[in-house]
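Containing compact mmCIF, C-alpha atoms and all ligand atoms: run-v7.txt.
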```txt
# COMPACT_ATOMS: atom_id res chain seq x y z
CA MET A 1 78.19 118.84 92.95
CA LEU A 2 79.03 115.56 94.64
CA ASN A 3 76.65 114.33 97.29
CA PRO A 4 79.03 112.58 99.71
CA SER A 5 76.50 110.33 101.42
CA ASP A 6 75.11 109.09 98.07
CA PHE A 7 78.66 108.53 96.85
CA ILE A 8 79.54 106.54 99.97
CA GLU A 9 76.40 104.41 99.75
CA GLU A 10 77.00 103.62 96.07
CA SER A 11 80.67 102.89 96.62
CA ILE A 12 79.98 100.52 99.48
CA LYS A 13 77.59 98.57 97.27
CA ASP A 14 80.15 98.43 94.45
CA ILE A 15 82.99 97.39 96.73
CA LYS A 16 80.90 94.63 98.33
CA LYS A 17 79.92 93.36 94.91
CA THR A 18 83.51 93.38 93.62
CA ILE A 19 85.35 92.01 96.63
CA GLY A 20 82.64 89.87 98.20
CA ASP A 21 84.21 87.71 100.92
CA GLY A 22 87.70 88.08 99.44
CA LYS A 23 90.70 89.57 101.20
CA ALA A 24 92.01 92.94 100.18
CA ILE A 25 95.06 94.98 101.00
CA ILE A 26 95.86 98.69 100.69
CA ALA A 27 99.04 100.68 101.20
CA LEU A 28 98.03 103.37 103.68
CA SER A 29 100.40 106.32 103.44
CA GLY A 30 98.62 108.62 105.87
CA GLY A 31 97.78 110.98 103.01
CA VAL A 32 94.18 111.90 102.39
CA ASP A 33 93.62 109.73 99.28
CA SER A 34 94.77 106.40 100.68
CA SER A 35 93.11 107.21 104.01
CA VAL A 36 89.73 107.86 102.43
CA ALA A 37 90.04 104.81 100.15
CA SER A 38 90.94 102.68 103.20
CA VAL A 39 88.09 103.83 105.40
CA LEU A 40 85.57 103.59 102.59
CA THR A 41 86.62 100.04 101.72
CA SER A 42 86.77 99.02 105.34
CA THR A 43 83.24 100.30 105.84
CA ALA A 44 82.22 97.91 103.07
CA ILE A 45 84.23 94.77 103.89
CA GLY A 46 85.48 95.32 107.46
CA GLU A 47 88.41 93.23 108.68
CA ASN A 48 88.88 91.67 105.25
CA LEU A 49 90.73 94.83 104.28
CA VAL A 50 94.23 94.98 105.72
CA ALA A 51 95.70 98.49 105.60
CA VAL A 52 99.48 98.38 105.51
CA PHE A 53 101.45 101.34 106.77
CA VAL A 54 105.13 101.00 105.89
CA ASP A 55 107.69 102.91 107.94
CA HIS A 56 110.57 103.39 105.51
CA GLY A 57 112.64 105.38 107.98
CA LEU A 58 111.96 108.58 106.01
CA LEU A 59 108.77 109.66 107.74
CA ARG A 60 108.08 113.04 109.24
CA GLU A 61 108.35 113.47 112.99
CA GLY A 62 105.45 111.78 114.76
CA GLU A 63 103.98 110.37 111.52
CA SER A 64 103.89 106.74 112.58
CA ASP A 65 102.12 107.59 115.86
CA TYR A 66 99.74 109.91 114.03
CA VAL A 67 98.70 107.24 111.55
CA ASN A 68 98.39 104.58 114.23
CA ASN A 69 96.33 106.78 116.54
CA THR A 70 94.07 108.00 113.74
CA PHE A 71 93.35 104.58 112.28
CA LYS A 72 93.83 101.94 114.94
CA ASP A 73 90.12 101.91 115.81
CA ARG A 74 88.93 102.41 112.24
CA LEU A 75 90.96 99.92 110.25
CA ASN A 76 92.53 96.50 110.37
CA LEU A 77 95.89 98.23 110.40
CA ARG A 78 99.27 96.61 110.05
CA THR A 79 102.34 98.78 110.61
CA VAL A 80 105.58 97.41 109.20
CA ASP A 81 108.85 98.91 110.34
CA ALA A 82 111.05 98.29 107.32
CA SER A 83 113.37 101.23 107.94
CA GLU A 84 116.53 99.12 108.14
CA GLU A 85 115.74 97.42 104.84
CA PHE A 86 115.14 100.75 103.11
CA LEU A 87 118.07 102.63 104.59
CA SER A 88 120.58 99.86 103.95
CA ARG A 89 119.55 99.73 100.26
CA LEU A 90 119.81 103.54 100.06
CA ASP A 91 123.22 103.67 101.69
CA GLY A 92 125.64 105.74 99.60
CA VAL A 93 123.06 106.54 96.88
CA TYR A 94 123.34 110.15 95.66
CA ASP A 95 121.10 110.36 92.61
CA PRO A 96 117.47 111.39 93.33
CA GLU A 97 115.92 109.16 90.68
CA GLU A 98 117.95 106.20 91.89
CA LYS A 99 116.68 106.85 95.41
CA ARG A 100 113.09 106.89 94.16
CA LYS A 101 113.63 103.66 92.23
CA ILE A 102 115.10 101.86 95.23
CA ILE A 103 112.34 103.09 97.53
CA GLY A 104 109.72 101.87 95.04
CA GLU A 105 111.35 98.45 94.73
CA VAL A 106 111.76 97.90 98.46
CA PHE A 107 108.24 99.12 99.05
CA ILE A 108 106.79 96.55 96.65
CA ARG A 109 108.88 93.80 98.24
CA VAL A 110 107.65 94.69 101.76
CA PHE A 111 104.09 95.06 100.57
CA GLU A 112 104.15 91.77 98.70
CA ARG A 113 105.28 89.91 101.83
CA VAL A 114 102.26 91.20 103.71
CA ALA A 115 99.91 90.50 100.79
CA GLU A 116 101.13 86.88 100.72
CA GLU A 117 100.70 86.49 104.48
CA VAL A 118 97.20 87.95 104.35
CA GLY A 119 96.23 85.84 101.33
CA ALA A 120 95.05 88.98 99.52
CA GLU A 121 93.36 88.75 96.16
CA PHE A 122 92.53 92.44 95.79
CA LEU A 123 94.67 95.55 95.88
CA VAL A 124 92.78 98.71 96.81
CA GLN A 125 94.37 101.92 95.60
CA GLY A 126 93.67 105.55 96.46
CA THR A 127 93.96 106.67 92.82
CA ILE A 128 92.05 109.89 92.13
CA ALA A 129 91.00 111.51 88.86
CA PRO A 130 94.07 113.74 88.24
CA ASP A 131 96.36 110.72 88.75
CA TRP A 132 95.06 108.89 85.71
CA ILE A 133 93.97 111.90 83.67
CA GLU A 134 97.48 113.36 83.85
CA SER A 135 99.25 110.10 83.22
CA GLU A 136 96.97 108.62 80.59
CA GLY A 137 94.97 111.39 78.99
CA GLN A 138 92.15 108.85 78.88
CA ILE A 139 90.47 106.27 81.06
CA LYS A 140 92.85 103.54 81.93
CA SER A 141 91.49 100.20 82.85
CA HIS A 142 94.11 97.91 84.28
CA HIS A 143 92.31 95.12 86.06
CA ASN A 144 95.14 93.45 87.85
CA ILE A 145 98.77 93.70 88.77
CA ALA A 146 101.39 91.00 89.05
CA LEU A 147 103.82 91.50 91.90
CA PRO A 148 107.46 90.40 91.47
CA HIS A 149 106.98 86.99 93.16
CA GLY A 150 104.06 86.32 90.87
CA LEU A 151 101.18 87.18 93.17
CA VAL A 152 98.39 88.63 91.00
CA LEU A 153 96.06 91.12 92.65
CA ASN A 154 92.85 92.55 91.22
CA ILE A 155 92.83 96.31 91.42
CA VAL A 156 90.00 98.22 93.07
CA GLU A 157 90.02 102.02 92.89
CA PRO A 158 87.00 103.29 94.83
CA ILE A 159 87.75 107.02 94.54
CA ARG A 160 89.17 107.16 91.01
CA GLU A 161 86.46 109.52 89.73
CA LEU A 162 86.98 112.07 92.51
CA TYR A 163 89.06 115.23 92.64
CA LYS A 164 90.99 116.24 95.72
CA ASP A 165 88.34 118.60 97.08
CA GLU A 166 85.72 115.85 96.67
CA VAL A 167 87.96 113.32 98.40
CA ARG A 168 88.13 115.71 101.34
CA VAL A 169 84.33 116.07 101.46
CA VAL A 170 83.92 112.27 101.40
CA GLY A 171 86.59 111.91 104.11
CA THR A 172 84.73 114.34 106.34
CA GLU A 173 81.45 112.50 105.73
CA LEU A 174 83.19 109.26 106.71
CA GLY A 175 84.08 110.87 110.03
CA LEU A 176 87.79 111.38 109.49
CA PRO A 177 89.24 114.20 111.59
CA GLU A 178 89.40 117.58 109.84
CA GLU A 179 93.14 117.82 110.34
CA MET A 180 93.54 114.52 108.53
CA VAL A 181 91.40 115.38 105.49
CA ASN A 182 93.09 118.74 105.05
CA ARG A 183 96.67 117.52 105.37
CA GLN A 184 99.25 118.81 102.94
CA PRO A 185 100.30 116.21 100.36
CA TYR A 186 103.35 114.27 101.41
CA PRO A 187 105.43 112.41 98.82
CA GLY A 188 105.66 108.63 99.02
CA PRO A 189 109.50 108.61 99.24
CA GLY A 190 109.17 110.94 102.22
CA LEU A 191 112.19 112.89 103.37
CA ALA A 192 114.30 111.24 100.65
CA VAL A 193 113.08 113.89 98.17
CA ARG A 194 113.91 116.65 100.65
CA ILE A 195 117.47 115.67 101.42
CA VAL A 196 120.01 116.50 98.76
CA GLY A 197 122.83 113.99 98.32
CA LYS A 198 123.47 110.84 100.31
CA LEU A 199 120.99 109.82 102.97
CA THR A 200 122.46 109.26 106.39
CA GLU A 201 120.69 108.77 109.71
CA GLU A 202 122.12 112.13 110.80
CA LYS A 203 120.82 113.99 107.74
CA ILE A 204 117.40 112.36 108.01
CA GLU A 205 117.14 113.44 111.65
CA ILE A 206 118.22 117.03 110.84
CA CYS A 207 115.66 117.29 108.04
CA ARG A 208 112.96 115.74 110.22
CA LYS A 209 113.56 118.22 113.07
CA ALA A 210 113.72 121.26 110.76
CA ASN A 211 110.58 120.13 108.99
CA ALA A 212 108.68 119.75 112.27
CA ILE A 213 109.54 123.37 113.12
CA VAL A 214 108.28 124.60 109.73
CA GLU A 215 105.00 122.69 110.13
CA GLU A 216 104.50 123.97 113.67
CA GLU A 217 105.09 127.63 112.80
CA VAL A 218 103.01 127.54 109.60
CA LYS A 219 100.10 126.08 111.57
CA LYS A 220 100.56 128.66 114.33
CA GLU A 221 100.33 131.37 111.66
CA GLY A 222 97.15 129.76 110.28
CA LEU A 223 98.67 129.30 106.82
CA ASP A 224 98.40 125.52 106.72
CA ALA A 225 95.03 125.65 104.93
CA SER A 226 96.13 128.07 102.20
CA LEU A 227 99.57 126.68 101.42
CA TRP A 228 99.71 123.62 99.20
CA GLN A 229 102.93 122.40 100.79
CA TYR A 230 105.36 123.78 103.34
CA PHE A 231 108.52 122.03 104.41
CA ALA A 232 112.26 122.16 105.01
CA VAL A 233 114.87 120.89 102.59
CA LEU A 234 118.27 119.78 103.78
CA THR A 235 120.89 120.71 101.22
CA ASP A 236 124.26 119.05 100.86
CA THR A 237 125.95 122.41 101.31
CA LYS A 238 127.81 123.32 104.44
CA VAL A 239 128.37 126.94 105.37
CA THR A 240 130.22 128.82 108.05
CA GLY A 241 128.23 130.26 110.89
CA VAL A 242 128.82 131.55 114.38
CA LYS A 243 127.00 130.19 117.38
CA GLY A 244 127.70 131.80 120.73
CA ASP A 245 131.21 133.13 120.14
CA ILE A 246 132.35 130.08 118.31
CA ARG A 247 132.67 129.65 114.58
CA ASP A 248 130.68 126.73 113.30
CA TYR A 249 130.42 124.86 110.04
CA GLY A 250 127.00 123.40 109.45
CA TYR A 251 124.24 122.67 106.99
CA LEU A 252 122.21 125.04 104.86
CA VAL A 253 118.46 124.41 105.15
CA VAL A 254 116.03 125.82 102.58
CA LEU A 255 112.41 126.66 103.43
CA ARG A 256 109.96 125.76 100.69
CA MET A 257 106.36 127.00 100.90
CA VAL A 258 104.15 127.03 97.85
CA GLU A 259 100.60 127.64 96.75
CA SER A 260 99.16 125.37 94.10
CA ILE A 261 95.94 123.86 92.80
CA ASP A 262 97.25 120.56 91.51
CA ALA A 263 101.06 120.61 91.88
CA MET A 264 101.50 120.94 88.09
CA THR A 265 102.40 124.56 88.67
CA ALA A 266 103.12 126.29 91.95
CA SER A 267 103.97 129.74 93.17
CA VAL A 268 105.64 131.13 96.24
CA PRO A 269 103.31 133.60 97.91
CA GLU A 270 104.33 136.61 99.98
CA LEU A 271 104.90 135.15 103.41
CA PRO A 272 104.72 136.89 106.77
CA TRP A 273 108.29 137.96 107.39
CA SER A 274 108.00 137.46 111.14
CA MET A 275 107.09 133.79 110.58
CA VAL A 276 110.00 133.25 108.20
CA LYS A 277 112.41 134.83 110.70
CA THR A 278 111.01 132.79 113.60
CA ILE A 279 111.43 129.58 111.63
CA SER A 280 115.01 130.51 110.76
CA GLN A 281 115.83 131.42 114.36
CA ARG A 282 114.25 128.27 115.73
CA ILE A 283 115.95 125.92 113.26
CA THR A 284 119.42 127.35 113.85
CA ALA A 285 118.85 127.34 117.63
CA GLU A 286 117.17 123.96 117.96
CA VAL A 287 118.94 121.94 115.27
CA SER A 288 122.59 122.23 116.21
CA GLU A 289 123.93 120.95 112.87
CA VAL A 290 122.32 123.83 110.92
CA THR A 291 124.09 127.19 110.60
CA HIS A 292 122.05 128.87 107.88
CA VAL A 293 118.45 128.97 106.67
CA SER A 294 117.35 130.41 103.35
CA LEU A 295 113.96 130.83 101.70
CA SER A 296 113.19 129.47 98.25
CA VAL A 297 111.33 132.05 96.13
CA SER A 298 111.24 130.07 92.90
CA ASP A 299 107.95 129.12 91.29
CA LYS A 300 107.19 125.91 89.38
CA PRO A 301 108.10 126.05 86.56
CA PRO A 302 111.02 126.39 86.25
CA SER A 303 111.70 124.80 89.65
CA THR A 304 109.95 121.70 90.92
CA ILE A 305 108.28 121.72 94.32
CA GLU A 306 110.62 119.13 95.80
CA PHE A 307 114.39 119.48 95.67
CA ALA A 308 115.38 115.95 94.80
P1 LIG A 401 107.46 118.21 92.02
O1 LIG A 401 108.65 118.18 92.91
O2 LIG A 401 107.60 117.31 90.82
O3 LIG A 401 106.26 117.63 92.87
O4 LIG A 401 107.06 119.59 91.60
C1 LIG A 401 104.90 117.69 92.50
C2 LIG A 401 104.10 117.03 93.60
O5 LIG A 401 104.37 115.63 93.64
C3 LIG A 401 104.95 115.28 94.90
N1 LIG A 401 106.04 114.35 94.61
C4 LIG A 401 105.98 113.03 94.80
N2 LIG A 401 105.00 112.26 95.31
N3 LIG A 401 106.35 110.36 94.98
C5 LIG A 401 105.21 110.93 95.42
O6 LIG A 401 104.34 110.22 95.94
C6 LIG A 401 107.39 111.07 94.45
O7 LIG A 401 108.43 110.53 94.08
C7 LIG A 401 107.18 112.48 94.36
N4 LIG A 401 107.95 113.50 93.89
C8 LIG A 401 107.23 114.62 94.06
C9 LIG A 401 105.41 116.56 95.55
O8 LIG A 401 105.40 116.49 96.96
C10 LIG A 401 104.42 117.57 94.99
O9 LIG A 401 103.22 117.59 95.74
```
Conversion result in structure tokens:
Amino acid sequence: MLNPSDFIEESIKDIKKTIGDGKAIIALSGGVDSSVASVLTSTAIGENLVAVFVDHGLLREGESDYVNNTFKDRLNLRTVDASEEFLSRLDGVYDPEEKRKIIGEVFIRVFERVAEEVGAEFLVQGTIAPDWIESEGQIKSHHNIALPHGLVLNIVEPIRELYKDEVRVVGTELGLPEEMVNRQPYPGPGLAVRIVGKLTEEKIEICRKANAIVEEEVKKEGLDASLWQYFAVLTDTKVTGVKGDIRDYGYLVVLRMVESIDAMTASVPELPWSMVKTISQRITAEVSEVTHVSLSVSDKPPSTIEFA
């Protein structure tokens, strides 16, 4: 059983020894892993760690404010609004893998600009044990990474031996708010993997609003701790509906709520029907472009958790 205060003490020593007076940078996503890695490293080297939060225009409602409010007093935080850069590169792109590739490329470009400005020599990453165990099957030891412009950063992975539950315990010990350490995982490409087809400002906004309703109602029901992920997917399908007395033609939104241990497999639990109906009623009433809401009941496998 991990003793969080011993772990923190040891890690701080290690980080100080590795980074010394050097400058380090971390991509802070707002997820629990990068948050814990950021706060731990910052406790060791203070202002010499710059935490970069990139707004790619595909964030959940309120996410930027949430990250800024949670970390502004804890970290040397730099928020970069790169949404125009991301969305212009994604314009007209339909294929999900292509979207991921573009988002990854633009992200590295944005991140590299900040790393150059900061004069960073170290890249701190929130890698945890399942990340490298699943991808490598053995211990991987990459010591540095060369960014496209040639900047070479030494990699520091302070929580790479931890599992998710241990990361949460360490986060709590570091004084992070409970809501933060227990957040559902949120994919790096954000709403891009929850919007089928081309990304437009309109579709992003519809997905964002529908998703906010799902999150609110799941929390109200007290299911946020037991569900692995819960969100809305905006499909590319339009269906006929009737709102008031008028026929309408709007989007089909799918609700996706799964239980999982590690996201390798996932199952859809029995959900309170009243909650599902409330979510459906609220989305069709509050998001005018949506005429129909359905519930995904497919497990992983054969389905994946995300839709795109
Ligand atoms: P799937 O959809 O493959 O998702 O069942 C498994 C877990 O991974 C997350 N996910 C991603 N996370 N970048 C990420 O950072 C991605 O491109 C990505 N795709 C899926 C997903 O949210 C789930 O927790």
Just want the 8 Å neighbourhood of A:Val181, counted on all atoms listed in the file, with same-chain residues fewer than 3 positions away dropped. Output as a compact mmCIF listing (two decimals) with C-alpha atoms, keeping the file's coordinate frame.
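File written: result.txt
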```txt
# COMPACT_ATOMS: atom_id res chain seq x y z
CA VAL A 32 94.18 111.90 102.39
CA ARG A 168 88.13 115.71 101.34
CA GLY A 171 86.59 111.91 104.11
CA THR A 172 84.73 114.34 106.34
CA LEU A 176 87.79 111.38 109.49
CA PRO A 177 89.24 114.20 111.59
CA GLU A 178 89.40 117.58 109.84
```
Hey, could you pull the box centre and edge lengths for ligand LIG 401 (chain A), axis-aligned, 4 Å padding per side, all listed atoms, to one decimal in Å, as JSON?
```
{"center_x": 105.9, "center_y": 114.9, "center_z": 93.9, "size_x": 13.4, "size_y": 17.4, "size_z": 14.1}
```
Which residue, A:Lys101, A:Arg282, A:Lys220, A:Lys72, has the smallest gap to ligand LIG 401 (chain A) when you use all atoms listed in the file? A:Lys101
Please return as a ChimeraX atom specification the residues found within 8 Å of ligand LIG 401 (chain A), counting all atoms listed in the file. /A:100,185-190,193,228-229,262-266,300,303-308
Got time to write the residues from that selection, C-alpha atoms, as a PDB file, in the frame of the given file?
```
ATOM      1  CA  ARG A 100     113.090 106.890  94.160  1.00  0.00           C
ATOM      2  CA  PRO A 185     100.300 116.210 100.360  1.00  0.00           C
ATOM      3  CA  TYR A 186     103.350 114.270 101.410  1.00  0.00           C
ATOM      4  CA  PRO A 187     105.430 112.410  98.820  1.00  0.00           C
ATOM      5  CA  GLY A 188     105.660 108.630  99.020  1.00  0.00           C
ATOM      6  CA  PRO A 189     109.500 108.610  99.240  1.00  0.00           C
ATOM      7  CA  GLY A 190     109.170 110.940 102.220  1.00  0.00           C
ATOM      8  CA  VAL A 193     113.080 113.890  98.170  1.00  0.00           C
ATOM      9  CA  TRP A 228      99.710 123.620  99.200  1.00  0.00           C
ATOM     10  CA  GLN A 229     102.930 122.400 100.790  1.00  0.00           C
ATOM     11  CA  ASP A 262      97.250 120.560  91.510  1.00  0.00           C
ATOM     12  CA  ALA A 263     101.060 120.610  91.880  1.00  0.00           C
ATOM     13  CA  MET A 264     101.500 120.940  88.090  1.00  0.00           C
ATOM     14  CA  THR A 265     102.400 124.560  88.670  1.00  0.00           C
ATOM     15  CA  ALA A 266     103.120 126.290  91.950  1.00  0.00           C
ATOM     16  CA  LYS A 300     107.190 125.910  89.380  1.00  0.00           C
ATOM     17  CA  SER A 303     111.700 124.800  89.650  1.00  0.00           C
ATOM     18  CA  THR A 304     109.950 121.700  90.920  1.00  0.00           C
ATOM     19  CA  ILE A 305     108.280 121.720  94.320  1.00  0.00           C
ATOM     20  CA  GLU A 306     110.620 119.130  95.800  1.00  0.00           C
ATOM     21  CA  PHE A 307     114.390 119.480  95.670  1.00  0.00           C
ATOM     22  CA  ALA A 308     115.380 115.950  94.800  1.00  0.00           C
TER      23      ALA A 308
END
```
Please, which residues are within 6 Å of (95.1, 89.3, 95.7) by the file's coordinates, counting all atoms listed in the file, and could they come as a ChimeraX atom specification? /A:120-122,152-154
Please return, as a PyMOL selection string, all polymer residues that have at least one atom within 9 Å of the point (120.7, 123.8, 114.1); use all atoms listed in the file and the file's own coordinate frame. chain A and resi 206+210+250-251+282-292
Neighbour list for A:Val218 as a list of chain:residue names, cut-off 8 Å, only C-alpha atoms, skip fewer than 5 positions in-chain: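 With the cut-off at 8 Å, the set is A:Leu223, A:Asp224, A:Tyr230, A:Met275.
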